[in-house]
Each structure stands twice: as structure tokens, then as C-alpha cells.
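For reference, the structure is listed below as C-alpha cells.
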Protein chains: 2
Amino acid sequence: MKLDKLVGDRFKERPTDCVIDSHALMIRGGYMKQVANGLFSHYTPLRRIMQKIECIIREEMDAIDGQEVKFPVVLPASLWQESGRYEKINHELMRLTDRNDTPLVLGMTHEEAAVHLVREYGQSYARYPFMNYQIQTKFRDEARPRGGLIRLREFSMKDAYSYHTSQECLDAYYDECHKAYERIFERVGLKGVISVESDSGMMGGKVSHEFMMLTPIGEDLLVICPCGYRANMEAAQNITRANPDTVVAPFTLTHTPSTKTNEVAAFLGTTPAKCCKALVYQKAACGSYIVVFMRGDLELQEKKLSNYIGSDVHPAVITAESGLCAGFLGPKGLPSGVTVLYDASLKGENNLVCGANKDDYHYTGLDVARDCGDVEYYDFANIVEGGICPDCGSEGLTLSRGIEVGNIFQLGTKYTESMGMTYTDKDGREQLPIMGCYGIGLDRLAASVCEAYHDDYGPIWPMAIAPWHVHICALKANDHQVAELANTLYQDLKEVGIEVIFDDRAVSPGFMFSDADLLGVPVRVVVSPKNCKEDVVEVTKRDKTLSEKIAVGDVLEFVKGLVNCN
Amino acid sequence: MKLDKLVGDRFKERPTDCVIDSHALMIRGGYMKQVANGLFSHYTPLRRIMQKIECIIREEMDAIDGQEVKFPVVLPASLWQESGRYEKINHELMRLTDRNDTPLVLGMTHEEAAVHLVREYGQSYARYPFMNYQIQTKFRDEARPRGGLIRLREFSMKDAYSYHTSQECLDAYYDECHKAYERIFERVGLKGVISVESDSGMMGGKVSHEFMMLTPIGEDLLVICPCGYRANMEAAQNITRANPDTVVAPFTLTHTPSTKTNEVAAFLGTTPAKCCKALVYQKAACGSYIVVFMRGDLELQEKKLSNYIGSDVHPAVITAESGLCAGFLGPKGLPSGVTVLYDASLKGENNLVCGANKDDYHYTGLDVARDCGDVEYYDFANIVEGGICPDCGSEGLTLSRGIEVGNIFQLGTKYTESMGMTYTDKDGREQLPIMGCYGIGLDRLAASVCEAYHDDYGPIWPMAIAPWHVHICALKANDHQVAELANTLYQDLKEVGIEVIFDDRAVSPGFMFSDADLLGVPVRVVVSPKNCKEDVVEVTKRDKTLSEKIAVGDVLEFVKGLVNCN
């Protein structure tokens with residue numbers, strides 16, 4: 001198409017509200033416009049990118065026997081009540097009511113709708129396995145949408161749901177889907193996406209992986225070991241080696257005036273690692289208290305705690321009536337009714353400092369096993385850089401940032417059980433199908449590609465998802481020769497199926513090139529009066545790996561070669 | 001794909017809740033499943049049909065220089081407040097609030113979002129004209145969703161918005177779009193779609209057309225004249241010829257005990273056409289009264305009245321305090337504060353019966369011009385069969401039923417004015433762009449095709465939008481020869497790009513054929529042991545125009561021919 005007709009403005013100035021480059025460049029390049037917090041309208045270049053991503057995803061899902069379907073965006077709340085998620089999910093789930101006061105929700109994922117669609121179909125074992133997927137608009141009322149297309153409230157997502165009669169079958173399909181995801185990221189041009197073990201959170205189920213593009217601007221922290229172990233912070237098991245002192249001190253009440261637990265190590269001349277700190281949580285503002293004791297140098301991972309509790313938790317509001325002595329909490333002498341949990345980091349330690357549940361007093365010399373009895377330990381702590389790998393046991397864990405560009409979950413029977421989907425097996429027995437689910441956020445994927453491939457001047461789109469294949473710049477198109485050659489090229493390229501954006505505006509070369517940089521089309525063909533005289537055109541690649549003068553007679557074949565080999 | 005893997009159930013019994021055939025067949029054929037009132041999930045066959053329709057629409061929109069964009073489903077209420085539609089539209093507009101209590105709406109059309117997207121871009125005249133379109137999910141909280149995909153609450157719609165600097169430019173583009181619509185309906189296989197002049201209702205603007213598929217199950221009534229005039233009931237001007245009596249009676253109070261206006265003609269021995277009836281409306285339940293006087297044999301068209309009033313109206317609730325004497329209302333002696341309107345059908349009439357605004361009394365001999373003074377007449381009445389054509393003046397109007405499958409509107413400056421979108425013209429003056437908008441509901445279009453082309457056994461899909469091109473039935477696929485031939489054919493057809501659904505289940509021919517009928521694939525190839533012996537296959541068309549035995553060696557070319565010539 002002609003660039004002078006392309007709707008959307010391009011401009012030089014980085015918008016002040018853009019923190020990450022992809023956001024800034026996609027605003028500056030006329031790809032999208034914000035409609036409200038976390039809601040964007042897409043201009044044609046982004047629409048074209050998204051359609052190409054859709055097409056690649058569709059091909060790969062079809063290749064693993066996926067059957068495309070479509071679920072409604074608006075769903076009856078009753079479906080979500082069946083699965084129990086209507087009550088379990090908080091503000092992220094958008095609730096609304098229709099003219100008859102029937103409660104509805106906006107789909108943020110579609111497990112319930114997926115089960116609803118096949119509940120009758122899947123009544124015989126002979127029909128398994130099968131997989132349905134859709135590419136559909138989702139809405140999630142995020143507290144903090146950010147980063148342009150990285151964290152939206154409304155987004156386009158491919159979500160897939162597979163159904164199996166055995167764990168082996170699910171495992172095999174899960175692996176197939178893992179490979180399909182690798183091909184998708186490879187094909188859209190995103191190199192270096194790694195998959196990490198993840199926490200399956202509210203989706204239910206046990207095994208799950210996130211596909212992560214490593215980037216410093218990522219909002220997720222990943223744990224990586226040279227041995228190949230990869231997990232996200234929520235899923236990575238924190239392992240500590242106990243380091244007890246050889247000289248064992250007695251459990252002793254100690255006066256620590258105005259010194260709360262976080263200052264007490266310095267006051268007593270020890271280290272945070274020799275302290276037993278207390279972290280207090282609640283399920284709800286008026287709920288009972290959960291106190292987690294943990295080595296003082298570690299951080300609590302809320303997701304691990306909420307998975308253990310089986311519900312969302314948040315840092316507690318400690319009231320005067322609670323009987324809890326904030327700043328001086330310890331395992332001995334807590335009021336009754338408090339849930340007490342011990343992090344595994346305390347196991348085998350001794351000579352620890354802990355609160356005495358009394359203002360201005362701590363205990364020293366704590367040994368949990370000796371002083372608190374036979375308690376159970378769980379993993380509630382965040383991994384630290386240099387920590388111990390749960391797979392190989394070496395102390396070489398590193399933490400990296402990443403953007404989640406896809407995820408796959410083994411759901412097990414969470415939804416089939418709660419929603420009453422069963423099949424009759426070969427022996428006539430009623431069984432619950434096992435499910436997997438597989439998601440990719442398309443908007444975020446587009447932004448991630450931009451984040452991975454751009455320079456200061458604009459995105460550098462991989463050929464497979466570029467809005468156009470070739471960008472023709474006709475410098476001084478009022479020159480008869482230039483206009484004729486550029487137009488001929490434009491028509492010729494279009495005829496062989498190459499997608500061309502054609503700029504013949506009466507603007508300066510600098511202006512033209514900066515627009516071309518912002519559109520990020522992989523191959524650029526510059527037609528100028530000077531080149532015309534030499535009977536050549538200049539062909540460059542947006543990624544700067546090529547800049548050549550090509551004889552006019554050869555240019556069609558040359559450009560075809562560039563477009564097809566990418 | 002293999003039919004035995006196709007997710008979805010097909011069955012023989014017509015669901016009792018299906019009134020129209022397309023609804024029943026699309027449920028029976030495993031095309032969709034109802035999730036809630038007016039909300040459906042789509043199985044793969046319907047998804048494939050929808051994608052083909054999308055593709056045809058996209059090509060035709062691109063061909064008239066449309067640029068595809070995408071607006072969010074969820075929009076801030078503030079945008080709709082700018083245009084004034086937030087207050088004006090009632091229950092159909094789905095309202096919701098997010099976690100921060102920001103009011104939002106679900107887009108039912110996207111004029112506001114469209115203007116928002118290009119408000120800055122369109123500041124210079126040089127950029128006009130341009131057109132943006134999207135294919136996106138819409139939500140409209142219909143009071144009575146019905147007919148399967150005919151009247152949904154959530155649906156997929158192509159909506160397009162064009163921007164112009166002159167009425168001539170809009171007129172020309174509007175015509176282009178009209179032609180593009182004709183091509184779209186032609187290409188999806190829907191013959192006999194007519195365009196009718198329509199009322200533009202809440203969209204604002206003046207000129208508009210609806211594209212109607214004529215069918216007895218249509219919910220819209222159309223007015224058609226052999227001269228070529230076509231309009232919907234809301235837009236068609238009702239013309240009556242006055243038929244005054246030559247002997248003029250005086251205006252006389254007459255006792256009509258217990259005889260309300262709808263019974264008074266019989267009581268007084270005259271005809272409804274010689275009565276002046278009163279119809280009472282209100283804008284809101286507590287609003288003031290609007291009384292429309294009209295010839296007794298005609299019906300009021302509410303849309304015409306609400307267009308005149310500039311707001312929705314509904315039949316009034318006449319209270320005891322209103323001063324209105326229900327059943328005896330007439331133009332003389334109405335209480336003050338009532339808006340009185342006269343339908344054009346009263347013009348030139350005499351000797352009419354009308355209410356006397358007094359229980360049990362009417363007047364006879366009414367001549368509005370003589371007795372009520374110099375009043376204005378407007379058109380508020382519905383056209384009747386055999387009525388007078390506003391174009392050619394002959395008394396030959398017929399009424400037909402139709403389904404609206406598309407519409408185009410000239411919006412004028414309604415949205416650019418209310419939302420402050422302006423451009424600077426050649427002379428530096430600020431001007432309002434003129435808009436057009438153009439919609440097609442995709443789900444309804446699919447259902448309309450099914451409605452137009454089906455028999456008792458299933459849909460008969462046109463090749464262009466059929467879920468697959470060819471349906472292979474392998475009768476007794478446990479026969480080695482049948483299996484080999486059918487499989488070879490399946491692979492060969494797929495290789496040349498033909499979409500094949502392949503049924504090799506161990507079921508009876510009757511079962512197989514009834515499933516094939518429900519899937520409605522245009523070309524069927526039957527491989528059977530008997531045919532195999534004769535070295536032929538049986539090729540039939542779903543529309544029963546062909547049933548031939550074709551030599552195995554010729555079948556690929558033959559079928560290719562059938563697929564491509566359709």
C-alpha cells in the first residue's frame with residue numbers, strides 16, 4: 001500500500017509515559033493508540049503483525065491435531081461457579097450483570113467454557129484424546145497494566161484445551177505441545193525463549209511450564225542453573241544447608257529495648273542468617289493470623305504460601321486486639337488460634353535469635369527442634385542468587401529476568417471433576433478425563449519480538465511477522481524516472497505476492513527513512529535520481545546486515561530471494 | 001480431517017427450542033452449542049465457515065482501500081459520553097465497572113472508538129478520504145435473542161468507518177461500499193439479497209441502506225414496489241389519498257355509551273377509515289403525553305414517531321390524574337401540556353369520527369382543517385400492502401419479510417461534531433469531517449446462508465464458505481481395497497489444496513450419509529466395495545444436481561473441477 005494513505009501518525013519524541021522501548025516505539029510508529037488504561041486500539045501495521053502471528057499459531061496448533069473453536073467473551077457466572085473460580089478469583093475477573101440481572105463474567109481464560117463445549121461429546125473413551133483451541137479476546141482487570149502490550153487488560157490469546165484418558169497420554173501430548181510452542185517462537189522470529197518449570201497457581205494441576213524470553217525488562221524472575229534446571233521464583237524449591245554452631249547456647253530471654261526483629265541482629269552482634277524472623281499473613285482482612293518463621297536472610301515467596309494454604313494470602317494487618325506483639329514475634333508464647341508454619345531454612349539450625357512475644361524482648365539460642373518440638377518444615381522462601389540447585393545440588397543458581405510469552409499446564413481433573421465431565425471407559429466404568437491447557441498471549445508476543453529486535457530508531461521485524469516485506473522509498477518521486485521505476489517495482493513485487501509499503505511522498509530523505517525505520521520493514525529499496533542514472537537501486541536490510549546497489553534488471557529476483565530466505 | 005476425530009455431536013431430533021431451520025440444523029450438525037441466552041460456542045465446522053466469510057469480507061474491504069484496525073471490546077464509558085450515546089442507549093448497551101470503579105461499556109458498535117483512533121491523524125484535509133474497518137466481537141444485550149445465530153447477544157461483526165471532506169466524496173464512497181457489499185453477498189453464495197432504504201435510527205445521519213435477504217422467517221418487514229422502490233417499514237413513507245365525502249356533515253357531539261374509539265365505527269355504522277383514532281405515547285414513564293391522531297385503519301410506526309421526537313418513545317401509561325379520557329380521546333378539548341401530532345392520513349378527510357375527551361361521547365363530522373385550525377401533518381403510519389409507492393405513485397406496494405445481513409449509513413457529522421474531530425481545509429478553516437459506517441454481522445450471515453440453502457437433512461453450503469470442499473465416505477473401510485482407495489484419494493485431494501473431511505468409521509451407510517448431510521459439504525465422494533470392483537467412485541453434489549460414477553483414474557481431475565468452478 002501507499003504510505004501516504006496509511007492511517008496513523010509517526011513521530012520522533014519518546015512519549016514520557018513509556019518505560020520500555022517496545023511500548024515507546026509502537027506508539028511512535030503508529031502501531032497503536034491507548035483508549036484507556038490497559039486498552040489499546042490497533043492501527044493497520046500492528047493488525048497485520050497480529051494476523052501473521054495468528055496464522056503461525058493456527059498452523060502449529062492444527063499440526064498437533066488441534067481443532068479450532070470459539071468460546072464467547074461474555075460467559076454466564078454460573079459456569080464459573082461450577083468450577084469454583086467465580087468465588088476464588090478476585091478483582092482480575094470482570095463481573096457484570098445483564099438486563100435481567102443475570103450475573104456474567106468476561107472470560108480471562110476459558111477452561112469452564114471448554115469443558116462445557118465437550119461435556120457431552122467426551123462421554124466415550126473412544127473419542128479421546130482431542131484438543132480444542134481458540135484465538136479470542138480476553139479481559140483481565142489487572143491492577144497495574146503496564147509496558148504497552150506487555151501487560152494489558154484486554155488482549156488476544158490463543159488458548160488450547162486437551163482431554164485425555166491417561167496421564168501417559170497427557171504427558172505425551174504435553175510434550176508435543178511444548179515442541180509446537182518452540183516452533184511457534186522460532187517461526188515468529190523470537191530466539192532464545194526458554195521454558196521454565198512454573199507454579200500452576202489458580203489453574204489447578206501440577207506440572208506446568210512458562211515460556212520465557214530473557215530480557216532485563218522482564219517482570220518475572222527466573223532461576224537458572226548451568227545444569228539445565230530452570231524454574232520461576234514461585235516454583236523453584238529453595239534449598240539451604242544448615243550451618244549450626246558447634247558450641248550450643250541455651251534458649252535465653254534477652255532484653256532488646258526498642259529493637260525489633262529486623263534490627264536485632266545488629267544489636268546482638270550477629271547476622272540475619274542467625275535470626276528466626278516471623279512473617280504474618282491473613283487470607284482476608286478479618287481472618288485469623290498465619291505466622292511463618294524463616295531464616296532472617298531469606299524472603300518469603302507469597303505464592304508458595306498461598307499454594308500451601310490453598311487460597312490467596314496477604315500481609316496481615318496486626319491489630320491491638322490480636323494479641324500479637326509486632327516486631328517481637330517468636331515461636332514460643334504465641335496466642336492460640338494462630339497458624340504457625342516453619343520454613344525449611346530453620347531445620348537443623350541452632351543459636352538463633354527470635355522474638356519473645358513480649359515488647360522489647362527476644363530469645364537467643366533458639367533451636368527449633370529442641371525448643372519447639374517436632375515441627376514440620378515447608379518451603380516458603382525465595383531462591384537467592386548463588387543458591388543450591390534442586391536438580392544437581394550445586395551452588396550455582398542465577399536469577400534472570402524474563403517476559404512470559406506462553407505457558408502450558410497439566411490441569412489434571414480439576415475442571416472435569418468440579419464440572420462433572422466424565423467418560424465411560426472400556427470396562428464400562430465412569431472416569432474423569434485429564435486435561436491440559438496451553439496459552440499464548442498474542443499482543444505480548446508481538447511486543448516481545450519488538451523488545452528483542454529494535455534499535456533506537458524503530459523495531460526490526462522478522463520477515464515472518466513484518467507488517468510488510470519490502471519498503472520502497474522513492475526519493476524525489478516528482479522526478480519522472482524515479483516515479484516510473486519505483487511504480488514499476490511496486491507493481492512487480494506485488495504481482496509476485498510480496499507485500500510492499502510504498503513511500504513516494506514529497507518529503508526529505510531523512511524524514512522518509514525515519515518513518516521507514518519506525519515501520520521496521522525488513523527489506524528497503526531506495527529509488528533515487530542518482531541511482532536511476534546508474535540504472536541501479538539501493539537495497540538495504542533493516543537489521544543493517546546488507547546495503548547493496550543492485551542493477552535494475554536484477555532487483556526483482558534479488559528482493560524475492562531476500563524475502564523468501566528469511 | 002478425519003470425521004471420527006471431529007469434536008461435536010450430530011443427531012437426528014430437531015431440538016424443541018429451535019424455531020427456524022438454520023438454528024435447528026446448526027445445533028443438530030455440531031456447529032455450535034448454546035452457553036447462555038444469545039451466547040454460543042462454535043465448534044470447528046462453524047469456525048471454518050466463519051473464517052472463510054471473514055476472509056471474503058477482508059478482501060472486499062481491502063479492495064475499496066479499507067485499512068484493517070482493531071478496537072477494544074471493552075471501552076471507557078467516557079468515550080460514549082462524548083458522543084452522547086451513553087445516556088441515549090438503554091439496556092442494549094452493556095455497562096460495567098472495573099476495580100477502580102471506572103465505568104466501562106462493551107462495544108456494540110465502534111463509532112466512538114473509530115473517531116478516537118483518528119482524531120489526531122485526520123487534522124489535515126490532505127489525508128482524506130480514508131476508511132478503517134475491523135472484524136471484532138460485539139455485545140448487545142438484546143431483550144429477546146432468538147433464532148440461533150440470527151439474533152445474538154455476542155456476535156462477530158465487520159464494522160467500517162469512512163471519513164470525507166465533502167458530501168460528494170462520501171456519496172461516491174458509499175456507492176463503492178454498496179457495490180463491495182453486493183460482491184460479498186454474491187461471493188459467500190447468498191443470492192437475492194436486496195438493499196432497501198432504511199431508517200438510520202440511533203446511528204444518526206440521514207441516508208442509509210439495509211441489505212436484506214428475503215425469507216418468510218425474516219423479522220423485518222420490507223416494502224417493495226415493482227418500479228424498484230425498496231424500503232424498510234421504518235423508512236418507507238406512507239402515502240394516502242384523501243377521500244372526502246361530497247356531503248359535508250357538521251362537527252357534532254354524539255353519545256356513544258361504553259363505546260371506545262376502536263369500537264365506535266361499528267357502533268355508528270361507518271368504517272375505521274372514517275375514524276380519527278388517538279395513540280398516546282411517552283418518552284419515559286413519568287414524562288408528558290404525546291397524542292398522535294391518525295386514520296383509524298392505519299397503524300402507528302413507533303420508529304417514525306421516535307425519530308420525529310428525537311428520542312425513544314413507548315405507549316403511554318394513562319393515569320387517572322392525567323386528565324386524559326382513555327378510549328374517548330379526540331383533538332378538541334385535550335388538557336394543556338399534551339403534545340398533539342397529526343398523521344398525514346387525516347389531511348383532506350372529512351366526516352370523521354373522533355373522541356370527545358369525555359366518557360361515552362364522540363364527535364362525528366370532524367374535518368381537521370376546518371375544526372382544528374391550520375395544523376401540520378407528518379408521516380407516522382405504517383405502509384400497508386397495496387399502498388402507494390413514494391417513488392412511482394402507483395398503488396402496488398407489497399410487503400415481504402427479510403433478514404438484515406448488512407447495513408450502510410451516512411453518518412454525517414454526528415460523531416465528529418460531538419467528539420470534536422476537525423480538520424483544517426485548504427483555506428485554513430476548521431471543518432468537520434463527514435463519516436460513513438458500514439456493518440456486516442458475520443454469525444447472522446452464516447445463519448442466513450444456511451437458511452437460504454438447506455433441506456430437511458442439513459445445510460447445503462456454497463463452496464466458498466463450506467467447512468470443507470469434499471466429503472469422502474468410505475463404506476466398509478475394513479475392506480482393504482476401499483481403505484486403500486479412500487486413503488489415497490484423501491491424500492491426493494489434500495495435496496492439491498482441497499479441504500477434505502474423511503469418514504471411514506465402521507458405521508452403516510445411512511448413518512454416514514446423514515452425518516454428511518448435516519455437514520453440508522458440497523461435493524461427496526463415496527468409496528464402496530461394489531464401486532471398487534467396478535474401478536469407480538460415486539461423486540455426488542450435496543445440492544443433488546449431480547450423481548455420477550467416475551473412473552478412479554479421473555476422479556482427482558473431476559473433483560478439482562467441481563471445487564474450482566463453484
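The way I read the labels, and the way they are meant: chains A, B, ... in the order of the C-alpha cells, residue 1 as the first residue of every chain, and ligand 1 as the first ligand shown, with later ones counted on from there.
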Residue list for chain A near chain B as a ChimeraX atom specification, 7 Å, only C-alpha atoms
/A:5,7-9,33,36,39-44,47,67-72,76,91,94,96,98-99,117,121,127,141
Residues from last step as file, N, CA and C atoms, as a short mmCIF file (atom, residue, chain, number, x, y, z; two decimals), in the first residue's frame:
data_model
loop_
_atom_site.label_atom_id
_atom_site.label_comp_id
_atom_site.auth_asym_id
_atom_site.auth_seq_id
_atom_site.Cartn_x
_atom_site.Cartn_y
_atom_site.Cartn_z
N LYS A 5 -1.12 7.05 2.46
CA LYS A 5 -2.51 6.77 2.81
C LYS A 5 -2.64 5.98 4.13
N VAL A 7 -3.12 5.19 7.67
CA VAL A 7 -3.70 5.92 8.80
C VAL A 7 -2.85 5.68 10.06
N GLY A 8 -2.51 6.76 10.74
CA GLY A 8 -1.69 6.68 11.95
C GLY A 8 -0.55 7.69 11.85
N ASP A 9 -0.18 8.22 12.98
CA ASP A 9 0.90 9.21 12.99
C ASP A 9 2.19 8.59 13.50
N LYS A 33 -2.88 2.95 19.70
CA LYS A 33 -3.22 4.15 20.47
C LYS A 33 -3.97 3.70 21.72
N ALA A 36 -7.77 3.42 26.99
CA ALA A 36 -7.90 3.59 28.43
C ALA A 36 -6.77 2.74 29.02
N LEU A 39 -5.91 -0.69 27.66
CA LEU A 39 -6.74 -0.95 26.47
C LEU A 39 -6.20 -0.15 25.29
N PHE A 40 -5.91 -0.82 24.19
CA PHE A 40 -5.35 -0.15 23.02
C PHE A 40 -6.16 -0.47 21.77
N SER A 41 -6.27 0.54 20.90
CA SER A 41 -6.73 0.27 19.53
C SER A 41 -5.49 0.00 18.68
N HIS A 42 -5.62 -0.88 17.71
CA HIS A 42 -4.50 -1.23 16.84
C HIS A 42 -4.67 -0.58 15.47
N TYR A 43 -3.65 0.09 15.00
CA TYR A 43 -3.63 0.55 13.60
C TYR A 43 -3.22 -0.62 12.70
N THR A 44 -3.29 -0.37 11.41
CA THR A 44 -3.06 -1.42 10.42
C THR A 44 -1.71 -2.14 10.54
N ARG A 47 -2.09 -4.61 13.25
CA ARG A 47 -3.09 -5.61 12.87
C ARG A 47 -2.48 -6.66 11.94
N GLN A 67 -8.24 -28.59 17.07
CA GLN A 67 -9.44 -28.19 16.32
C GLN A 67 -9.86 -26.81 16.80
N GLU A 68 -9.85 -25.88 15.88
CA GLU A 68 -10.17 -24.52 16.28
C GLU A 68 -11.66 -24.37 16.57
N VAL A 69 -11.96 -23.72 17.67
CA VAL A 69 -13.33 -23.45 18.07
C VAL A 69 -13.39 -21.99 18.51
N LYS A 70 -14.53 -21.57 19.02
CA LYS A 70 -14.61 -20.22 19.58
C LYS A 70 -15.58 -20.21 20.74
N PHE A 71 -15.12 -19.68 21.85
CA PHE A 71 -15.98 -19.53 23.02
C PHE A 71 -16.36 -18.05 23.14
N PRO A 72 -17.50 -17.77 23.78
CA PRO A 72 -17.88 -16.36 23.93
C PRO A 72 -16.92 -15.60 24.86
N PRO A 76 -21.68 -16.84 31.30
CA PRO A 76 -22.53 -16.79 32.49
C PRO A 76 -21.71 -17.11 33.75
N HIS A 91 -10.32 -9.51 41.98
CA HIS A 91 -10.62 -8.40 41.10
C HIS A 91 -10.29 -8.65 39.63
N MET A 94 -13.61 -9.90 35.70
CA MET A 94 -14.54 -8.81 35.48
C MET A 94 -15.96 -9.35 35.57
N LEU A 96 -20.16 -8.67 35.66
CA LEU A 96 -21.17 -7.73 35.17
C LEU A 96 -22.53 -8.43 35.23
N ASP A 98 -26.54 -8.62 33.28
CA ASP A 98 -27.29 -8.21 32.10
C ASP A 98 -28.62 -7.58 32.49
N ARG A 99 -29.45 -7.28 31.50
CA ARG A 99 -30.71 -6.57 31.74
C ARG A 99 -31.66 -7.35 32.64
N LEU A 117 -18.28 -27.11 26.41
CA LEU A 117 -18.45 -27.44 24.98
C LEU A 117 -18.39 -28.94 24.72
N TYR A 121 -19.90 -34.55 24.36
CA TYR A 121 -19.11 -35.23 23.33
C TYR A 121 -18.15 -36.24 23.94
N ARG A 127 -13.37 -41.53 22.07
CA ARG A 127 -13.23 -40.23 21.43
C ARG A 127 -11.97 -39.48 21.87
N ASP A 141 -8.86 -7.80 34.60
CA ASP A 141 -8.82 -6.46 35.19
C ASP A 141 -7.58 -6.31 36.06
#
Skipping near chain neighbours, those fewer than 5 positions away, what residues fall within 9 Å of B:Glu299 using only C-alpha atoms, listed as a list in words?
Met294, Phe380, Ala381, Asn382, Ile383 and Val384 of chain B
The selected residues should be written to file as a PDB file, in the first residue's frame (atoms: N, CA, C and O atoms).
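So the final result, stored in again18.pdb, reads:
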ATOM      1  N   MET B 294     -54.582   9.786  13.905  1.00  0.00           N
ATOM      2  CA  MET B 294     -54.279   9.044  12.685  1.00  0.00           C
ATOM      3  C   MET B 294     -55.565   8.408  12.178  1.00  0.00           C
ATOM      4  O   MET B 294     -56.469   8.118  12.967  1.00  0.00           O
ATOM      5  N   PHE B 380     -46.503   9.294  10.253  1.00  0.00           N
ATOM      6  CA  PHE B 380     -46.243   8.416  11.403  1.00  0.00           C
ATOM      7  C   PHE B 380     -46.792   7.003  11.187  1.00  0.00           C
ATOM      8  O   PHE B 380     -46.691   6.163  12.068  1.00  0.00           O
ATOM      9  N   ALA B 381     -47.385   6.743  10.026  1.00  0.00           N
ATOM     10  CA  ALA B 381     -48.121   5.485   9.856  1.00  0.00           C
ATOM     11  C   ALA B 381     -47.301   4.440   9.106  1.00  0.00           C
ATOM     12  O   ALA B 381     -46.425   4.761   8.302  1.00  0.00           O
ATOM     13  N   ASN B 382     -47.605   3.187   9.390  1.00  0.00           N
ATOM     14  CA  ASN B 382     -47.013   2.077   8.659  1.00  0.00           C
ATOM     15  C   ASN B 382     -47.625   1.960   7.276  1.00  0.00           C
ATOM     16  O   ASN B 382     -48.823   2.189   7.096  1.00  0.00           O
ATOM     17  N   ILE B 383     -46.767   1.568   6.338  1.00  0.00           N
ATOM     18  CA  ILE B 383     -47.221   1.217   4.993  1.00  0.00           C
ATOM     19  C   ILE B 383     -48.165   0.015   5.093  1.00  0.00           C
ATOM     20  O   ILE B 383     -48.004  -0.832   5.960  1.00  0.00           O
ATOM     21  N   VAL B 384     -49.126  -0.054   4.174  1.00  0.00           N
ATOM     22  CA  VAL B 384     -49.960  -1.265   4.097  1.00  0.00           C
ATOM     23  C   VAL B 384     -49.782  -1.901   2.727  1.00  0.00           C
ATOM     24  O   VAL B 384     -49.422  -1.238   1.746  1.00  0.00           O
TER      25      VAL B 384
END
What are the DSSP helix (DSSP H, G or I) residues of stretch 54-171 of chain A, as a VMD selection string?
chain A and resid 54 to 63 77 to 83 85 to 88 111 to 118 121 to 123 125 to 127 167 to 171
Can I get the selection written as an mmCIF file, in the first residue's frame, with C-alpha atoms?
data_model
loop_
_atom_site.group_PDB
_atom_site.id
_atom_site.type_symbol
_atom_site.label_atom_id
_atom_site.label_comp_id
_atom_site.auth_asym_id
_atom_site.auth_seq_id
_atom_site.Cartn_x
_atom_site.Cartn_y
_atom_site.Cartn_z
ATOM 1 C CA GLU A 54 -2.292 -15.751 14.444
ATOM 2 C CA CYS A 55 -1.624 -17.600 11.230
ATOM 3 C CA ILE A 56 1.603 -19.189 12.508
ATOM 4 C CA ILE A 57 -0.041 -20.229 15.762
ATOM 5 C CA ARG A 58 -3.037 -21.664 13.898
ATOM 6 C CA GLU A 59 -0.784 -23.733 11.634
ATOM 7 C CA GLU A 60 1.163 -25.151 14.560
ATOM 8 C CA MET A 61 -1.955 -25.913 16.579
ATOM 9 C CA ASP A 62 -3.547 -27.630 13.564
ATOM 10 C CA ALA A 63 -0.315 -29.589 13.109
ATOM 11 C CA ALA A 77 -21.221 -16.625 36.060
ATOM 12 C CA SER A 78 -22.909 -19.980 36.668
ATOM 13 C CA LEU A 79 -20.202 -21.737 34.626
ATOM 14 C CA TRP A 80 -17.510 -20.185 36.814
ATOM 15 C CA GLN A 81 -19.470 -21.090 39.904
ATOM 16 C CA GLU A 82 -19.437 -24.719 38.770
ATOM 17 C CA SER A 83 -15.641 -24.719 38.710
ATOM 18 C CA ARG A 85 -13.321 -19.966 40.265
ATOM 19 C CA TYR A 86 -16.118 -17.383 40.481
ATOM 20 C CA GLU A 87 -15.510 -17.094 44.205
ATOM 21 C CA LYS A 88 -11.797 -17.858 44.159
ATOM 22 C CA GLU A 111 -11.435 -23.740 30.952
ATOM 23 C CA GLU A 112 -15.074 -23.658 32.007
ATOM 24 C CA ALA A 113 -16.353 -22.860 28.528
ATOM 25 C CA ALA A 114 -14.059 -25.529 27.081
ATOM 26 C CA VAL A 115 -15.433 -28.224 29.382
ATOM 27 C CA HIS A 116 -18.972 -27.010 28.738
ATOM 28 C CA LEU A 117 -18.455 -27.438 24.984
ATOM 29 C CA VAL A 118 -17.313 -31.076 25.130
ATOM 30 C CA TYR A 121 -19.110 -35.230 23.326
ATOM 31 C CA GLY A 122 -16.491 -36.697 25.628
ATOM 32 C CA GLN A 123 -18.692 -39.377 27.187
ATOM 33 C CA TYR A 125 -13.291 -43.246 25.924
ATOM 34 C CA ALA A 126 -13.076 -43.934 22.161
ATOM 35 C CA ARG A 127 -13.230 -40.226 21.426
ATOM 36 C CA GLN A 167 -1.563 -39.481 32.418
ATOM 37 C CA GLU A 168 0.754 -41.080 29.818
ATOM 38 C CA CYS A 169 -1.388 -39.719 27.028
ATOM 39 C CA LEU A 170 -1.410 -36.234 28.597
ATOM 40 C CA ASP A 171 2.362 -36.389 29.157
#
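Reported to one decimal place, the separation of atom CA of A:Tyr163 from atom CA of A:Lys426 is 16.5 Å.
If you count only C-alpha atoms and ignore residues fewer than 4 places along the chain from B:Asp455, what sits within 10 Å of it is Asp21, Leu25, Cys450, Glu451, Pro459, Ile460, Asp517, Leu518, Gly520, Arg542 and Asp543 of chain B.
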Using backbone DSSP assignments, extract all strand (DSSP E or B) residues from stretch 122-331 of chain B; output them as a ChimeraX atom specification.
/B:124,130-139,146,151,154-164,193-197,208-214,220-224,230-232,252-255,275-282,290-295,300,314-315
